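**Q** start-v7.pdb is the file, holding PDB, C-alpha atoms:
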ATOM      1  CA  MET A   1       0.000   0.000   0.000
ATOM      2  CA  VAL A   2       1.402   3.402  -0.960
ATOM      3  CA  ILE A   3       0.354   6.393   1.086
ATOM      4  CA  THR A   4      -0.105   9.381  -1.197
ATOM      5  CA  LYS A   5      -1.833  11.675   1.268
ATOM      6  CA  THR A   6       0.331  13.243   3.986
ATOM      7  CA  ARG A   7       0.192  16.348   6.097
ATOM      8  CA  LEU A   8       2.479  19.244   5.399
ATOM      9  CA  SER A   9       6.053  18.473   6.378
ATOM     10  CA  GLY A  10       6.942  19.592   9.901
ATOM     11  CA  ARG A  11       9.254  22.351   8.713
ATOM     12  CA  LEU A  12       6.714  23.815   6.299
ATOM     13  CA  SER A  13       3.822  23.725   8.757
ATOM     14  CA  GLU A  14       5.958  25.379  11.444
ATOM     15  CA  SER A  15       7.375  28.080   9.155
ATOM     16  CA  ILE A  16       4.234  29.106   7.252
ATOM     17  CA  SER A  17       2.888  31.233  10.121
ATOM     18  CA  TYR A  18       6.205  33.065  10.511
ATOM     19  CA  LEU A  19       6.450  33.573   6.754
ATOM     20  CA  CYS A  20       3.020  35.229   6.733
ATOM     21  CA  LEU A  21       4.016  37.496   9.624
ATOM     22  CA  LEU A  22       7.276  38.424   7.881
ATOM     23  CA  LEU A  23       5.401  39.274   4.679
ATOM     24  CA  GLY A  24       3.026  41.379   6.750
ATOM     25  CA  VAL A  25       5.959  43.486   7.937
ATOM     26  CA  VAL A  26       7.816  43.698   4.606
ATOM     27  CA  MET A  27       4.850  44.339   2.271
ATOM     28  CA  PRO A  28       3.929  47.886   3.363
ATOM     29  CA  LEU A  29       7.603  48.888   3.356
ATOM     30  CA  ALA A  30       8.084  47.546  -0.160
ATOM     31  CA  LEU A  31       4.856  48.752  -1.793
ATOM     32  CA  ARG A  32       4.236  51.939   0.226
ATOM     33  CA  ASN A  33       0.599  52.218  -0.884
ATOM     34  CA  ILE A  34      -2.905  51.082   0.065
ATOM     35  CA  TRP A  35      -2.289  47.663  -1.478
ATOM     36  CA  GLY A  36       0.761  47.190   0.718
ATOM     37  CA  ILE A  37      -1.224  48.036   3.835
ATOM     38  CA  GLY A  38      -4.130  45.774   2.827
ATOM     39  CA  GLY A  39      -1.795  42.916   1.929
ATOM     40  CA  SER A  40       0.079  43.405   5.182
ATOM     41  CA  LEU A  41      -3.094  43.143   7.257
ATOM     42  CA  LEU A  42      -4.114  40.022   5.353
ATOM     43  CA  CYS A  43      -0.726  38.337   5.821
ATOM     44  CA  VAL A  44      -0.578  39.198   9.523
ATOM     45  CA  SER A  45      -4.108  37.822   9.958
ATOM     46  CA  PHE A  46      -3.159  34.538   8.291
ATOM     47  CA  GLY A  47       0.022  34.343  10.373
ATOM     48  CA  VAL A  48      -1.889  34.827  13.613
ATOM     49  CA  VAL A  49      -4.503  32.226  12.593
ATOM     50  CA  PHE A  50      -1.799  29.657  11.781
ATOM     51  CA  LEU A  51      -0.055  30.323  15.096
ATOM     52  CA  LEU A  52      -3.291  29.995  17.045
ATOM     53  CA  ARG A  53      -4.138  26.740  15.268
ATOM     54  CA  LYS A  54      -0.682  25.361  15.998
ATOM     55  CA  ASN A  55      -0.915  26.353  19.676
ATOM     56  CA  ALA A  56      -4.418  24.908  19.914
ATOM     57  CA  GLY A  57      -3.088  21.619  18.556
ATOM     58  CA  TRP A  58      -0.354  21.548  21.164
ATOM     59  CA  LYS A  59      -2.859  22.396  23.883
ATOM     60  CA  ALA A  60      -5.070  19.520  22.736
ATOM     61  CA  CYS A  61      -2.096  17.173  22.899
ATOM     62  CA  ARG A  62      -1.246  18.376  26.372
ATOM     63  CA  LEU A  63      -4.685  17.228  27.484
ATOM     64  CA  GLY A  64      -3.276  13.732  27.026
ATOM     65  CA  LEU A  65      -0.950  14.369  29.953
ATOM     66  CA  THR A  66      -2.440  15.056  33.345
ATOM     67  CA  ASP A  67      -0.657  15.395  36.653
ATOM     68  CA  VAL A  68      -2.327  13.112  39.176
ATOM     69  CA  GLN A  69      -1.355  11.433  42.389
ATOM     70  CA  SER A  70      -0.116   7.922  41.756
ATOM     71  CA  GLY A  71      -0.750   5.712  44.768
ATOM     72  CA  GLU A  72       1.079   6.566  47.960
ATOM     73  CA  SER A  73       4.276   7.786  46.321
ATOM     74  CA  GLY A  74       2.741  11.054  45.088
ATOM     75  CA  ALA A  75       4.566  10.768  41.745
ATOM     76  CA  ARG A  76       2.879  12.333  38.760
ATOM     77  CA  LYS A  77       1.914  10.014  35.946
ATOM     78  CA  LEU A  78       1.004  10.161  32.293
ATOM     79  CA  ILE A  79      -2.687   9.816  31.471
ATOM     80  CA  TRP A  80      -3.647   8.580  28.007
ATOM     81  CA  ASN A  81      -6.099  10.639  25.999
ATOM     82  CA  GLY A  82      -7.803   9.763  22.719
ATOM     83  CA  VAL A  83      -6.383  12.916  21.101
ATOM     84  CA  LEU A  84      -3.054  11.055  20.891
ATOM     85  CA  GLU A  85      -4.487   8.146  18.899
ATOM     86  CA  CYS A  86      -3.216   7.653  15.350
ATOM     87  CA  GLY A  87      -5.918   5.241  14.152
ATOM     88  CA  ILE A  88      -3.839   2.052  13.925
ATOM     89  CA  ARG A  89      -4.858  -0.153  16.821
ATOM     90  CA  ALA A  90      -1.494  -1.916  17.169
ATOM     91  CA  ILE A  91       0.394   1.393  17.297
ATOM     92  CA  ASP A  92      -2.067   2.952  19.741
ATOM     93  CA  VAL A  93      -1.734  -0.106  22.014
ATOM     94  CA  GLN A  94       2.060   0.270  21.912
ATOM     95  CA  HIS A  95       1.796   3.978  22.713
ATOM     96  CA  ARG A  96      -0.383   3.140  25.721
ATOM     97  CA  HIS A  97       2.184   0.555  26.803
ATOM     98  CA  LEU A  98       4.903   3.226  26.639
ATOM     99  CA  PHE A  99       2.789   5.278  29.040
ATOM    100  CA  GLU A 100       2.564   2.286  31.416
ATOM    101  CA  VAL A 101       6.282   1.480  31.509
ATOM    102  CA  GLY A 102       7.088   5.199  31.681
ATOM    103  CA  ASN A 103       4.790   5.596  34.673
ATOM    104  CA  ALA A 104       6.416   2.580  36.367
ATOM    105  CA  LEU A 105       9.850   4.198  35.965
ATOM    106  CA  LEU A 106       8.549   7.566  37.185
ATOM    107  CA  ASP A 107       7.072   5.985  40.297
ATOM    108  CA  SER A 108      10.221   3.978  41.034
ATOM    109  CA  VAL A 109      12.584   6.949  40.689
ATOM    110  CA  TYR A 110      10.262   9.169  42.703
ATOM    111  CA  ARG A 111      10.317   6.676  45.578
ATOM    112  CA  ASN A 112      14.078   6.095  45.493
ATOM    113  CA  PRO A 113      16.328   7.357  42.655
ATOM    114  CA  SER A 114      19.164   5.022  43.675
ATOM    115  CA  ASP A 115      16.948   1.928  43.862
ATOM    116  CA  PRO A 116      18.376  -0.885  41.647
ATOM    117  CA  ASP A 117      14.792  -1.539  40.568
ATOM    118  CA  ALA A 118      14.879   1.789  38.707
ATOM    119  CA  THR A 119      17.550   0.394  36.379
ATOM    120  CA  SER A 120      15.402  -2.591  35.405
ATOM    121  CA  LYS A 121      12.435  -0.286  34.823
ATOM    122  CA  ALA A 122      14.599   2.013  32.672
ATOM    123  CA  GLN A 123      15.617  -1.051  30.661
ATOM    124  CA  ASN A 124      11.937  -2.020  30.326
ATOM    125  CA  LEU A 125      11.203   1.435  28.909
ATOM    126  CA  ILE A 126      14.056   1.183  26.406
ATOM    127  CA  ASN A 127      12.923  -2.296  25.322
ATOM    128  CA  ALA A 128       9.371  -1.010  24.824
ATOM    129  CA  VAL A 129      10.639   1.999  22.852
ATOM    130  CA  LYS A 130      12.829  -0.218  20.622
ATOM    131  CA  SER A 131       9.984  -2.650  19.959
ATOM    132  CA  HIS A 132       7.571   0.179  19.176
ATOM    133  CA  PHE A 133       9.992   1.902  16.819
ATOM    134  CA  LYS A 134      10.634  -1.358  14.982
ATOM    135  CA  SER A 135       6.879  -1.838  14.476
ATOM    136  CA  GLU A 136       6.374   1.731  13.251
ATOM    137  CA  GLU A 137       9.303   1.543  10.845
ATOM    138  CA  SER A 138       8.123  -1.781   9.408
ATOM    139  CA  LEU A 139       4.630  -0.394   8.917
ATOM    140  CA  LEU A 140       5.821   2.768   7.178
ATOM    141  CA  ALA A 141       8.250   0.791   5.003
ATOM    142  CA  SER A 142       5.437  -1.538   3.930
ATOM    143  CA  TRP A 143       3.472   1.540   2.843
ATOM    144  CA  ASN A 144       6.460   3.004   0.967
ATOM    145  CA  HIS A 145       5.795   6.151   2.980
ATOM    146  CA  PRO A 146       7.883   9.120   1.753
ATOM    147  CA  LEU A 147       8.775  10.147   5.324
ATOM    148  CA  SER A 148       9.864   6.648   6.367
ATOM    149  CA  GLU A 149      13.617   7.375   6.393
ATOM    150  CA  ASP A 150      13.149  10.704   8.186
ATOM    151  CA  HIS A 151      11.130   8.945  10.855
ATOM    152  CA  LYS A 152      13.902   6.375  11.338
ATOM    153  CA  SER A 153      16.323   9.208  12.035
ATOM    154  CA  VAL A 154      13.918  10.681  14.607
ATOM    155  CA  HIS A 155      13.664   7.257  16.247
ATOM    156  CA  LYS A 156      17.443   6.938  16.415
ATOM    157  CA  ASN A 157      17.808  10.284  18.193
ATOM    158  CA  LEU A 158      14.996   9.541  20.635
ATOM    159  CA  LEU A 159      16.424   6.113  21.447
ATOM    160  CA  ALA A 160      19.784   7.725  22.194
ATOM    161  CA  ARG A 161      18.087  10.015  24.721
ATOM    162  CA  ALA A 162      16.277   7.035  26.223
ATOM    163  CA  ASN A 163      19.608   5.227  26.625
ATOM    164  CA  GLU A 164      20.894   8.216  28.589
ATOM    165  CA  LEU A 165      18.261   7.396  31.225
ATOM    166  CA  LEU A 166      19.661   3.880  31.552
ATOM    167  CA  VAL A 167      23.235   5.152  31.884
ATOM    168  CA  ARG A 168      22.126   7.623  34.552
ATOM    169  CA  SER A 169      20.245   4.916  36.456
ATOM    170  CA  GLU A 170      23.322   2.675  36.395
ATOM    171  CA  ASN A 171      25.635   5.378  37.753
ATOM    172  CA  GLY A 172      23.115   6.647  40.308
ATOM    173  CA  THR A 173      22.458  10.066  38.745
ATOM    174  CA  LEU A 174      18.948   9.433  37.403
ATOM    175  CA  SER A 175      16.468  11.947  38.808
ATOM    176  CA  TYR A 176      12.695  12.012  38.821
ATOM    177  CA  GLN A 177      12.691  15.318  36.902
ATOM    178  CA  CYS A 178      15.012  13.877  34.256
ATOM    179  CA  VAL A 179      12.619  10.966  33.638
ATOM    180  CA  LEU A 180       9.591  13.261  33.633
ATOM    181  CA  ASN A 181      11.245  15.628  31.130
ATOM    182  CA  PHE A 182      12.094  12.758  28.787
ATOM    183  CA  LEU A 183       8.600  11.281  28.914
ATOM    184  CA  VAL A 184       6.789  14.607  28.548
ATOM    185  CA  ASP A 185       9.044  16.606  26.217
ATOM    186  CA  ASP A 186      10.654  13.886  24.113
ATOM    187  CA  LEU A 187       8.356  10.869  24.071
ATOM    188  CA  VAL A 188       4.860  12.348  24.286
ATOM    189  CA  TYR A 189       5.048  15.930  22.935
ATOM    190  CA  GLY A 190       8.070  15.503  20.712
ATOM    191  CA  HIS A 191       7.183  12.119  19.252
ATOM    192  CA  ILE A 192       3.674  10.734  19.766
ATOM    193  CA  ALA A 193       1.917  14.113  19.592
ATOM    194  CA  SER A 194       4.216  15.626  16.974
ATOM    195  CA  GLU A 195       6.259  13.327  14.730
ATOM    196  CA  ASP A 196       3.679  10.520  14.660
ATOM    197  CA  GLN A 197       0.951  13.002  13.777
ATOM    198  CA  LYS A 198       2.696  13.857  10.480
ATOM    199  CA  PHE A 199       1.313  10.623   9.083
ATOM    200  CA  LEU A 200      -2.291  10.151   8.051
ATOM    201  CA  PHE A 201      -2.784   6.632   9.322
ATOM    202  CA  PRO A 202      -5.839   4.907   7.889
ATOM    203  CA  VAL A 203      -8.453   3.976  10.459
TER     204      VAL A 203
END
Output the structure of this file as structure tokens.

**A**
Amino acid sequence: MVITKTRLSGRLSESISYLCLLLGVVMPLALRNIWGIGGSLLCVSFGVVFLLRKNAGWKACRLGLTDVQSGESGARKLIWNGVLECGIRAIDVQHRHLFEVGNALLDSVYRNPSDPDATSKAQNLINAVKSHFKSEESLLASWNHPLSEDHKSVHKNLLARANELLVRSENGTLSYQCVLNFLVDDLVYGHIASEDQKFLFPV
């Protein structure tokens, strides 16, 4: 199956709002007439709309993460939300599993950062990430998806950051905040809610 329909590339979708705003500033200076002013207002309006839409999308994704009390430890945990679903059941199940193993690591490190159990939980997270990435890459390759190779590169970088957690847990420098930052910024916002959303998965 070849996927012919994709969303705008990440770079284009991120830059279009700033391009409109830039045109809005340059146009009246270049034209110096009523058309320049009208075009400027139009470009600025489009730029603002694109920025608001982008921020609204991020806000919607953030609804998939809620700080709650997890048992007696008081550690925050990731809460799955349907807004993060991509439409492929197997991938969504794997994403949910990443939340589970991530929460287990968060809870463990919150209780005792130097606990040897934290290292095994960090390894569990890395194993889950590797398995998930392998599944995603195989799926995209089977579709001959044009962004398949780019996505592999994103996976490689994210896996390297995940491995840093394991190294830190082994040398006793893994902190709760470090784990939380990785899960929130890199895994959920940076990958599931951003990179994975560049693909129009069939439902």

**Q** Got a sec: who's within 8 Å of Val109 in chain A, counting all atoms listed in the file, leaving out chain neighbours fewer than 6 positions off, as number ranges by chain?

**A** A: 115, 118, 174-176

**Q** If we count all atoms listed in the file, what is near Cys43 in chain A at a cut-off of 9 Å, once residues fewer than 3 positions away on the same chain are taken out, given as a PyMOL selection string?

**A** chain A and resi 19-25+27+38-40+46-48

**Q** Could you expand the PyMOL selection byres ((chain A and resi 94-102) around 9) into the explicit residues it covers here, written as an MDAnalysis selection string?

**A** chainID A and resid 77:80 84:85 89:93 103:107 121:122 124:125 128:129 131:132 179:180 183 187:188 192

**Q** Could you tell me how far CA of Gly172 in chain A lies from CA of Thr119 in chain A, in Å and to one decimal?

**A**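 Interatomic distance here is 9.2 Å.
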
**Q** Evaluate the PyMOL selection byres ((chain A and resi 137) around 12) on the structure here and hand back the selected residues as number ranges by chain.

**A** A: 91, 130-136, 138-156, 196

**Q** Generate the coordinates of N, CA and C atoms for range 163-192 of chain A; report them as a compact mmCIF listing (two decimals), in the frame of the given file.

**A**
# COMPACT_ATOMS: atom_id res chain seq x y z
N ASN A 163 18.45 5.95 26.09
CA ASN A 163 19.61 5.23 26.62
C ASN A 163 20.35 6.04 27.68
N GLU A 164 20.27 7.37 27.58
CA GLU A 164 20.89 8.22 28.59
C GLU A 164 20.25 7.98 29.96
N LEU A 165 18.95 7.69 29.97
CA LEU A 165 18.26 7.40 31.22
C LEU A 165 18.85 6.14 31.87
N LEU A 166 19.11 5.13 31.03
CA LEU A 166 19.66 3.88 31.55
C LEU A 166 21.06 4.11 32.12
N VAL A 167 21.87 4.85 31.41
CA VAL A 167 23.24 5.15 31.88
C VAL A 167 23.17 5.89 33.22
N ARG A 168 22.28 6.86 33.30
CA ARG A 168 22.13 7.62 34.55
C ARG A 168 21.66 6.73 35.70
N SER A 169 20.75 5.80 35.40
CA SER A 169 20.24 4.92 36.46
C SER A 169 21.35 3.98 36.94
N GLU A 170 22.23 3.58 36.03
CA GLU A 170 23.32 2.68 36.40
C GLU A 170 24.40 3.37 37.22
N ASN A 171 24.61 4.68 36.96
CA ASN A 171 25.64 5.38 37.75
C ASN A 171 25.05 6.21 38.90
N GLY A 172 23.75 6.02 39.14
CA GLY A 172 23.12 6.65 40.31
C GLY A 172 22.80 8.13 40.17
N THR A 173 22.74 8.63 38.93
CA THR A 173 22.46 10.07 38.74
C THR A 173 21.09 10.32 38.11
N LEU A 174 20.27 9.27 38.01
CA LEU A 174 18.95 9.43 37.40
C LEU A 174 18.01 10.12 38.38
N SER A 175 17.40 11.21 37.95
CA SER A 175 16.47 11.95 38.81
C SER A 175 15.04 11.81 38.28
N TYR A 176 14.12 12.05 39.17
CA TYR A 176 12.70 12.01 38.82
C TYR A 176 12.39 13.04 37.73
N GLN A 177 12.95 14.26 37.87
CA GLN A 177 12.69 15.32 36.90
C GLN A 177 13.25 14.97 35.53
N CYS A 178 14.39 14.29 35.52
CA CYS A 178 15.01 13.88 34.26
C CYS A 178 14.10 12.90 33.51
N VAL A 179 13.54 11.94 34.24
CA VAL A 179 12.62 10.97 33.64
C VAL A 179 11.36 11.66 33.15
N LEU A 180 10.81 12.55 33.99
CA LEU A 180 9.59 13.26 33.63
C LEU A 180 9.80 14.11 32.38
N ASN A 181 10.94 14.80 32.30
CA ASN A 181 11.24 15.63 31.13
C ASN A 181 11.33 14.79 29.86
N PHE A 182 11.98 13.63 29.96
CA PHE A 182 12.09 12.76 28.79
C PHE A 182 10.72 12.29 28.33
N LEU A 183 9.91 11.82 29.27
CA LEU A 183 8.60 11.28 28.91
C LEU A 183 7.69 12.37 28.34
N VAL A 184 7.69 13.53 28.97
CA VAL A 184 6.79 14.61 28.55
C VAL A 184 7.29 15.29 27.27
N ASP A 185 8.53 15.80 27.32
CA ASP A 185 9.04 16.61 26.22
C ASP A 185 9.44 15.78 25.00
N ASP A 186 10.13 14.67 25.23
CA ASP A 186 10.65 13.89 24.11
C ASP A 186 9.68 12.83 23.60
N LEU A 187 9.18 12.00 24.51
CA LEU A 187 8.36 10.87 24.07
C LEU A 187 6.94 11.28 23.68
N VAL A 188 6.27 12.03 24.56
CA VAL A 188 4.86 12.35 24.29
C VAL A 188 4.73 13.55 23.35
N TYR A 189 5.21 14.74 23.77
CA TYR A 189 5.05 15.93 22.94
C TYR A 189 5.88 15.84 21.67
N GLY A 190 7.16 15.49 21.84
CA GLY A 190 8.07 15.50 20.71
C GLY A 190 7.87 14.38 19.72
N HIS A 191 7.31 13.25 20.17
CA HIS A 191 7.18 12.12 19.25
C HIS A 191 5.73 11.74 18.97
N ILE A 192 5.04 11.23 19.98
CA ILE A 192 3.67 10.73 19.77
C ILE A 192 2.75 11.85 19.28
